[in-house]
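Undergrad: Provided herewith: protein-v6.pdb, PDB, C-alpha atoms.
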ATOM      1  CA  MET G  75      71.462  62.744  78.359
ATOM      2  CA  GLN G  76      73.232  60.021  80.300
ATOM      3  CA  ARG G  77      76.642  60.233  78.655
ATOM      4  CA  PHE G  78      78.498  59.186  81.810
ATOM      5  CA  ASP G  79      76.333  56.264  82.871
ATOM      6  CA  GLY G  80      78.623  53.564  84.286
ATOM      7  CA  ARG G  81      81.667  55.837  84.043
ATOM      8  CA  THR G  82      83.968  57.400  86.604
ATOM      9  CA  VAL G  83      85.172  60.975  86.172
ATOM     10  CA  TRP G  84      87.788  62.638  88.345
ATOM     11  CA  VAL G  85      87.441  66.406  88.891
ATOM     12  CA  THR G  86      90.091  68.504  90.632
ATOM     13  CA  GLY G  87      89.095  71.798  92.228
ATOM     14  CA  ALA G  88      85.679  70.232  92.728
ATOM     15  CA  SER G  89      84.688  72.038  95.905
ATOM     16  CA  SER G  90      83.514  75.250  94.199
ATOM     17  CA  GLY G  91      83.116  77.197  90.967
ATOM     18  CA  ILE G  92      83.662  75.486  87.627
ATOM     19  CA  GLY G  93      84.966  72.297  89.228
ATOM     20  CA  LEU G  94      81.812  71.848  91.288
ATOM     21  CA  ALA G  95      79.659  72.636  88.251
ATOM     22  CA  VAL G  96      81.501  69.941  86.263
ATOM     23  CA  ALA G  97      81.049  67.403  89.065
ATOM     24  CA  ARG G  98      77.342  68.204  89.211
ATOM     25  CA  ARG G  99      76.928  67.944  85.431
ATOM     26  CA  VAL G 100      78.687  64.562  85.312
ATOM     27  CA  ALA G 101      76.617  63.237  88.218
ATOM     28  CA  GLU G 102      73.394  64.464  86.609
ATOM     29  CA  GLU G 103      74.360  62.514  83.494
ATOM     30  CA  GLY G 104      74.783  59.293  85.460
ATOM     31  CA  GLY G 105      78.495  59.375  86.216
ATOM     32  CA  THR G 106      80.391  58.570  89.391
ATOM     33  CA  VAL G 107      82.617  61.478  90.419
ATOM     34  CA  VAL G 108      85.904  61.467  92.294
ATOM     35  CA  CYS G 109      86.028  64.987  93.716
ATOM     36  CA  THR G 110      89.342  66.395  94.881
ATOM     37  CA  ALA G 111      90.468  69.714  96.337
ATOM     38  CA  ARG G 112      92.538  70.755  99.337
ATOM     39  CA  THR G 113      89.827  71.054 102.004
ATOM     40  CA  GLN G 114      88.008  67.907 103.120
ATOM     41  CA  ARG G 115      85.063  69.714 104.702
ATOM     42  CA  ARG G 116      84.209  71.640 101.557
ATOM     43  CA  LEU G 117      84.642  68.509  99.458
ATOM     44  CA  ASP G 118      82.300  66.557 101.708
ATOM     45  CA  GLU G 119      79.691  69.290 101.279
ATOM     46  CA  ALA G 120      80.179  69.260  97.505
ATOM     47  CA  VAL G 121      79.783  65.478  97.243
ATOM     48  CA  ALA G 122      76.724  65.537  99.491
ATOM     49  CA  SER G 123      75.092  67.950  97.025
ATOM     50  CA  LEU G 124      75.557  65.649  94.011
ATOM     51  CA  PRO G 125      72.785  63.428  92.684
ATOM     52  CA  GLY G 126      73.481  59.702  92.533
ATOM     53  CA  THR G 127      75.690  57.498  94.673
ATOM     54  CA  GLY G 128      79.251  56.192  94.818
ATOM     55  CA  HIS G 129      80.963  59.570  94.634
ATOM     56  CA  LEU G 130      84.197  60.126  96.544
ATOM     57  CA  ALA G 131      85.629  63.193  98.304
ATOM     58  CA  LEU G 132      89.435  62.970  98.458
ATOM     59  CA  ALA G 133      91.344  65.972  99.811
ATOM     60  CA  PHE G 134      94.945  66.597  98.768
ATOM     61  CA  ASP G 135      97.130  69.271  97.161
ATOM     62  CA  ALA G 136      97.128  68.640  93.415
ATOM     63  CA  ALA G 137     100.469  70.427  93.034
ATOM     64  CA  ASN G 138     102.217  68.133  95.530
ATOM     65  CA  GLU G 139     103.859  65.119  93.900
ATOM     66  CA  ASP G 140     103.875  62.911  97.003
ATOM     67  CA  ALA G 141     100.230  63.704  97.666
ATOM     68  CA  THR G 142      99.179  62.794  94.119
ATOM     69  CA  ASP G 143     101.074  59.498  94.339
ATOM     70  CA  ILE G 144      99.307  58.635  97.599
ATOM     71  CA  ALA G 145      95.927  59.557  96.118
ATOM     72  CA  ALA G 146      96.601  57.432  93.031
ATOM     73  CA  ALA G 147      97.515  54.459  95.218
ATOM     74  CA  ARG G 148      94.269  54.822  97.165
ATOM     75  CA  LEU G 149      92.112  54.958  94.048
ATOM     76  CA  ARG G 150      93.931  51.967  92.596
ATOM     77  CA  SER G 151      93.434  49.989  95.825
ATOM     78  CA  GLU G 152      89.707  50.739  95.625
ATOM     79  CA  GLY G 153      89.592  49.522  92.030
ATOM     80  CA  ARG G 154      88.529  52.862  90.605
ATOM     81  CA  THR G 155      89.136  53.212  86.877
ATOM     82  CA  LEU G 156      88.935  56.605  85.215
ATOM     83  CA  HIS G 157      87.072  57.295  81.991
ATOM     84  CA  ALA G 158      87.733  61.044  82.173
ATOM     85  CA  ALA G 159      89.681  63.521  84.283
ATOM     86  CA  VAL G 160      89.030  67.247  84.447
ATOM     87  CA  MET G 161      91.705  69.520  85.912
ATOM     88  CA  CYS G 162      89.948  72.564  87.368
ATOM     89  CA  ALA G 163      92.291  73.218  90.300
ATOM     90  CA  GLY G 164      94.098  76.506  89.850
ATOM     91  CA  GLN G 165      94.743  80.061  90.910
ATOM     92  CA  HIS G 166      94.186  83.543  89.511
ATOM     93  CA  SER G 167      95.773  86.798  90.589
ATOM     94  CA  LEU G 168      96.237  90.321  89.258
ATOM     95  CA  ARG G 169      99.748  91.676  89.674
ATOM     96  CA  PRO G 170     101.441  94.367  87.536
ATOM     97  CA  LEU G 171     105.003  93.658  86.397
ATOM     98  CA  GLN G 172     106.618  96.028  88.882
ATOM     99  CA  MET G 173     104.933  94.167  91.757
ATOM    100  CA  LEU G 174     105.789  90.719  90.394
ATOM    101  CA  LYS G 175     108.313  88.626  92.304
ATOM    102  CA  ALA G 176     109.807  85.211  91.612
ATOM    103  CA  ALA G 177     107.628  83.703  94.325
ATOM    104  CA  HIS G 178     104.500  84.918  92.541
ATOM    105  CA  LEU G 179     105.626  83.245  89.314
ATOM    106  CA  ASP G 180     106.356  80.015  91.138
ATOM    107  CA  GLU G 181     102.956  80.137  92.827
ATOM    108  CA  SER G 182     101.096  80.614  89.547
ATOM    109  CA  LEU G 183     103.014  77.910  87.695
ATOM    110  CA  ALA G 184     102.616  75.441  90.548
ATOM    111  CA  ALA G 185      98.885  76.019  90.979
ATOM    112  CA  ASN G 186      98.017  76.009  87.284
ATOM    113  CA  VAL G 187     100.664  73.969  85.446
ATOM    114  CA  ARG G 188     102.343  71.627  87.906
ATOM    115  CA  SER G 189      98.988  70.532  89.335
ATOM    116  CA  ALA G 190      97.619  69.718  85.879
ATOM    117  CA  MET G 191     100.737  67.823  84.817
ATOM    118  CA  LEU G 192     101.016  65.784  88.025
ATOM    119  CA  CYS G 193      97.317  64.948  88.052
ATOM    120  CA  THR G 194      97.387  63.977  84.392
ATOM    121  CA  LYS G 195     100.236  61.574  85.172
ATOM    122  CA  MET G 196      98.036  60.165  87.935
ATOM    123  CA  ALA G 197      95.012  59.906  85.638
ATOM    124  CA  VAL G 198      96.989  58.014  82.995
ATOM    125  CA  LYS G 199      97.915  55.385  85.598
ATOM    126  CA  LEU G 200      94.225  54.882  86.379
ATOM    127  CA  ALA G 201      92.835  55.236  82.847
ATOM    128  CA  SER G 202      90.328  52.746  81.530
ATOM    129  CA  ARG G 203      91.550  50.375  78.843
ATOM    130  CA  GLU G 204      88.646  51.650  76.760
ATOM    131  CA  GLY G 205      90.291  55.071  76.704
ATOM    132  CA  CYS G 206      90.155  58.232  78.745
ATOM    133  CA  SER G 207      89.463  61.911  78.130
ATOM    134  CA  ILE G 208      91.544  64.512  79.943
ATOM    135  CA  VAL G 209      90.392  68.143  79.981
ATOM    136  CA  TRP G 210      92.511  71.027  81.230
ATOM    137  CA  LEU G 211      91.170  74.406  82.280
ATOM    138  CA  SER G 212      93.124  77.112  80.476
ATOM    139  CA  SER G 213      91.835  80.669  80.029
ATOM    140  CA  ALA G 214      90.978  83.263  77.434
ATOM    141  CA  GLY G 215      93.741  85.195  79.201
ATOM    142  CA  ALA G 216      96.185  82.906  77.391
ATOM    143  CA  LEU G 217      94.782  84.078  74.045
ATOM    144  CA  ALA G 218      94.330  87.821  74.625
ATOM    145  CA  GLY G 219      96.475  90.192  76.631
ATOM    146  CA  ASN G 220      95.236  91.748  79.852
ATOM    147  CA  THR G 221      96.979  94.215  82.127
ATOM    148  CA  GLY G 222      98.374  92.685  85.304
ATOM    149  CA  GLU G 223      97.923  89.086  84.169
ATOM    150  CA  ALA G 224     101.372  88.217  82.809
ATOM    151  CA  ALA G 225     102.133  85.446  85.313
ATOM    152  CA  TYR G 226      98.603  84.033  85.127
ATOM    153  CA  ALA G 227      98.547  84.168  81.312
ATOM    154  CA  ALA G 228     101.961  82.505  81.128
ATOM    155  CA  SER G 229     100.714  79.586  83.200
ATOM    156  CA  LYS G 230      97.481  79.207  81.255
ATOM    157  CA  GLY G 231      99.348  79.498  77.938
ATOM    158  CA  ALA G 232     101.690  76.745  79.079
ATOM    159  CA  LEU G 233      98.665  74.486  79.507
ATOM    160  CA  LEU G 234      97.712  74.977  75.862
ATOM    161  CA  SER G 235     101.179  74.010  74.650
ATOM    162  CA  ALA G 236     101.567  71.065  76.999
ATOM    163  CA  SER G 237      98.112  69.686  76.238
ATOM    164  CA  ARG G 238      98.979  69.447  72.529
ATOM    165  CA  SER G 239     102.207  67.631  73.330
ATOM    166  CA  LEU G 240     100.459  65.179  75.635
ATOM    167  CA  ALA G 241      97.681  64.608  73.115
ATOM    168  CA  THR G 242     100.379  63.432  70.705
ATOM    169  CA  GLU G 243     102.157  61.336  73.339
ATOM    170  CA  LEU G 244      99.067  59.587  74.703
ATOM    171  CA  ALA G 245      96.947  59.038  71.581
ATOM    172  CA  SER G 246      98.259  55.501  71.059
ATOM    173  CA  ARG G 247      96.798  54.574  74.452
ATOM    174  CA  GLY G 248      93.366  55.930  73.564
ATOM    175  CA  ILE G 249      93.788  58.945  75.831
ATOM    176  CA  ARG G 250      92.565  62.293  74.534
ATOM    177  CA  VAL G 251      93.859  65.587  75.943
ATOM    178  CA  ASN G 252      92.056  68.868  75.327
ATOM    179  CA  ALA G 253      91.760  72.277  76.954
ATOM    180  CA  VAL G 254      88.960  74.747  77.542
ATOM    181  CA  ALA G 255      89.640  78.497  77.587
ATOM    182  CA  PRO G 256      86.871  80.362  79.427
ATOM    183  CA  GLY G 257      86.385  84.085  79.545
ATOM    184  CA  VAL G 258      85.307  85.730  82.785
ATOM    185  CA  VAL G 259      82.877  83.484  84.610
ATOM    186  CA  GLU G 260      81.070  84.642  87.733
ATOM    187  CA  THR G 261      82.536  82.373  90.412
ATOM    188  CA  PRO G 262      83.953  82.979  93.904
ATOM    189  CA  MET G 263      87.475  82.976  92.409
ATOM    190  CA  SER G 264      86.688  85.583  89.743
ATOM    191  CA  GLU G 265      84.883  87.720  92.298
ATOM    192  CA  CYS G 266      88.116  87.944  94.304
ATOM    193  CA  TRP G 267      89.934  89.761  91.519
ATOM    194  CA  LEU G 268      86.941  91.572  90.048
ATOM    195  CA  GLY G 269      86.440  92.997  93.516
ATOM    196  CA  GLN G 270      89.789  94.754  93.182
ATOM    197  CA  LEU G 271      88.455  96.806  90.252
ATOM    198  CA  THR G 272      86.420  99.974  90.281
ATOM    199  CA  LEU G 273      82.836  99.754  89.030
ATOM    200  CA  ALA G 274      83.915 101.393  85.757
ATOM    201  CA  GLN G 275      86.780  98.942  85.301
ATOM    202  CA  ARG G 276      84.514  95.997  86.024
ATOM    203  CA  GLU G 277      81.966  97.161  83.462
ATOM    204  CA  ALA G 278      84.767  97.653  80.916
ATOM    205  CA  VAL G 279      85.760  94.017  81.387
ATOM    206  CA  ARG G 280      82.137  92.913  81.048
ATOM    207  CA  SER G 281      81.625  94.969  77.878
ATOM    208  CA  ARG G 282      84.494  93.150  76.153
ATOM    209  CA  HIS G 283      82.411  89.968  76.376
ATOM    210  CA  LEU G 284      79.876  90.214  73.550
ATOM    211  CA  LEU G 285      77.483  87.972  75.487
ATOM    212  CA  GLY G 286      78.371  89.318  78.937
ATOM    213  CA  PHE G 287      79.983  87.342  81.736
ATOM    214  CA  GLY G 288      79.362  83.612  81.800
ATOM    215  CA  CYS G 289      78.381  81.259  84.609
ATOM    216  CA  ASP G 290      80.129  78.096  85.717
ATOM    217  CA  GLU G 291      77.446  75.907  84.095
ATOM    218  CA  ASP G 292      78.341  77.389  80.680
ATOM    219  CA  VAL G 293      81.890  76.097  80.988
ATOM    220  CA  ALA G 294      80.811  72.822  82.585
ATOM    221  CA  ALA G 295      78.648  72.057  79.548
ATOM    222  CA  ALA G 296      81.630  72.475  77.216
ATOM    223  CA  ILE G 297      83.856  70.377  79.457
ATOM    224  CA  ALA G 298      81.240  67.621  79.675
ATOM    225  CA  PHE G 299      81.188  67.497  75.884
ATOM    226  CA  LEU G 300      84.971  67.081  75.649
ATOM    227  CA  ALA G 301      84.978  64.528  78.463
ATOM    228  CA  SER G 302      82.304  62.399  76.796
ATOM    229  CA  ASP G 303      82.334  60.123  73.771
ATOM    230  CA  ASP G 304      80.583  62.877  71.831
ATOM    231  CA  ALA G 305      84.110  64.268  71.401
ATOM    232  CA  ARG G 306      85.785  60.917  70.703
ATOM    233  CA  TRP G 307      87.512  62.279  67.546
ATOM    234  CA  ILE G 308      88.787  65.448  69.213
ATOM    235  CA  THR G 309      92.208  65.729  70.826
ATOM    236  CA  GLY G 310      94.970  68.311  71.133
ATOM    237  CA  THR G 311      92.638  71.257  70.733
ATOM    238  CA  CYS G 312      91.358  74.197  72.760
ATOM    239  CA  LEU G 313      87.654  74.994  72.981
ATOM    240  CA  THR G 314      87.162  78.701  73.659
ATOM    241  CA  VAL G 315      84.123  79.404  75.830
ATOM    242  CA  ASP G 316      84.326  83.138  76.395
ATOM    243  CA  GLY G 317      81.114  84.899  75.381
ATOM    244  CA  GLY G 318      82.885  86.411  72.370
ATOM    245  CA  LEU G 319      85.763  87.968  74.329
ATOM    246  CA  THR G 320      88.529  86.888  71.954
ATOM    247  CA  CYS G 321      86.697  87.220  68.641
ATOM    248  CA  HIS G 322      87.236  90.962  68.291
TER     249      HIS G 322
END
Please re-express this file's structure in structure tokens.
TA:
Amino acid sequence: MQRFDGRTVWVTGASSGIGLAVARRVAEEGGTVVCTARTQRRLDEAVASLPGTGHLALAFDAANEDATDIAAARLRSEGRTLHAAVMCAGQHSLRPLQMLKAAHLDESLAANVRSAMLCTKMAVKLASREGCSIVWLSSAGALAGNTGEAAYAASKGALLSASRSLATELASRGIRVNAVAPGVVETPMSECWLGQLTLAQREAVRSRHLLGFGCDEDVAAAIAFLASDDARWITGTCLTVDGGLTCH
């Protein structure tokens, strides 16, 4: 398939994990990818690994308003028009209630919600007149309770609510807004918190997924669908990609 031939797709959090898998999938399908994350070196390595040409590595903090405005101005000056934007930048942490502080809440909301909202505002400014698809990365943790994930789940649940509101607000401009809610996917980020568990606890988490843990390509395939014209009549919804975690 070449669903992104002649199209530009912006991916945040593109230096690793699901974001990098999305960038690779889009590039493989003929798209030009604007890859952003906070570290230029890792972004340069990510872009160098992509097939095709014309990709861009642009490092900035997606949760910083001034930084997003500067990035938007640069892309506009280069004449880059977006046909899709995928918000994969984010943060995950395990922290029981009694260890939770206000700073932890602020950190989670900034990394997962503020970044998505600010970058969506940026994407709308650069959206193609033909329309644009925006995909947010939520989590199955927003749909099913898990011990120690209250702050994380709150932020990912906020994305589900806000994406429906923005889908309503932006539909008249031909901009679709959807979310994907993955279960546990084996990425460097998930390994950080899975590594805090005992072997028995880790296997208990795995066993809750009827199809086992996923890989980043599983989620990237779902995101590519929502970002493409194959999903042109879909907006304001959440696609759960969780190996059966939330169905029982």
Undergrad: Here's the selection I'm unsure about, the PyMOL selection byres ((chain G and resi 312) around 6); applied to the file above, which residues does it give, as a CSV table (one decimal) with C-alpha atoms, in the coordinates of the input?
TA:
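This is the output file result_34.csv:
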chain,number,residue,atom,x,y,z
G,252,ASN,CA,92.1,68.9,75.3
G,253,ALA,CA,91.8,72.3,77.0
G,254,VAL,CA,89.0,74.7,77.5
G,311,THR,CA,92.6,71.3,70.7
G,313,LEU,CA,87.7,75.0,73.0
Undergrad: Could you expand the PyMOL selection byres ((chain G and resi 194-209) around 8) into the explicit residues it covers here, written as a PyMOL selection string?
TA: chain G and resi 142-143+146+149-150+154-161+190-193+210-211+247-254+297+300-302
Undergrad: Evaluate the PyMOL selection byres ((chain G and resi 131) around 7) here and jot the selected residues down as a PyMOL selection string.
TA: chain G and resi 108-110+117-118+121+129-130+132-133
Undergrad: Between G:His283, G:Ala294, G:Arg115, G:Gly318, which residue has the minimum interatomic distance to Val100 of chain G, considering only C-alpha atoms?
TA: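 So, comparing all the options, the nearest one is G:Ala294.
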Undergrad: Would you compute the distance between atom CA of Gly126 of chain G and atom CA of Pro262 of chain G? Give it in Å to one decimal.
TA: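 Calculated distance between atom CA of Gly126 of chain G and atom CA of Pro262 of chain G is 25.6 Å.
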Undergrad: Just to confirm, what's the straight-line distance from atom CA of Ser151 of chain G to atom CA of Asn186 of chain G in Å (one decimal)?
TA: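 If I compute the distance from atom CA of Ser151 of chain G to atom CA of Asn186 of chain G, I get 27.8 Å.
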Undergrad: Any idea what the distance is between atom CA of Ser281 of chain G and atom CA of Gly87 of chain G?
TA: 28.3 Å
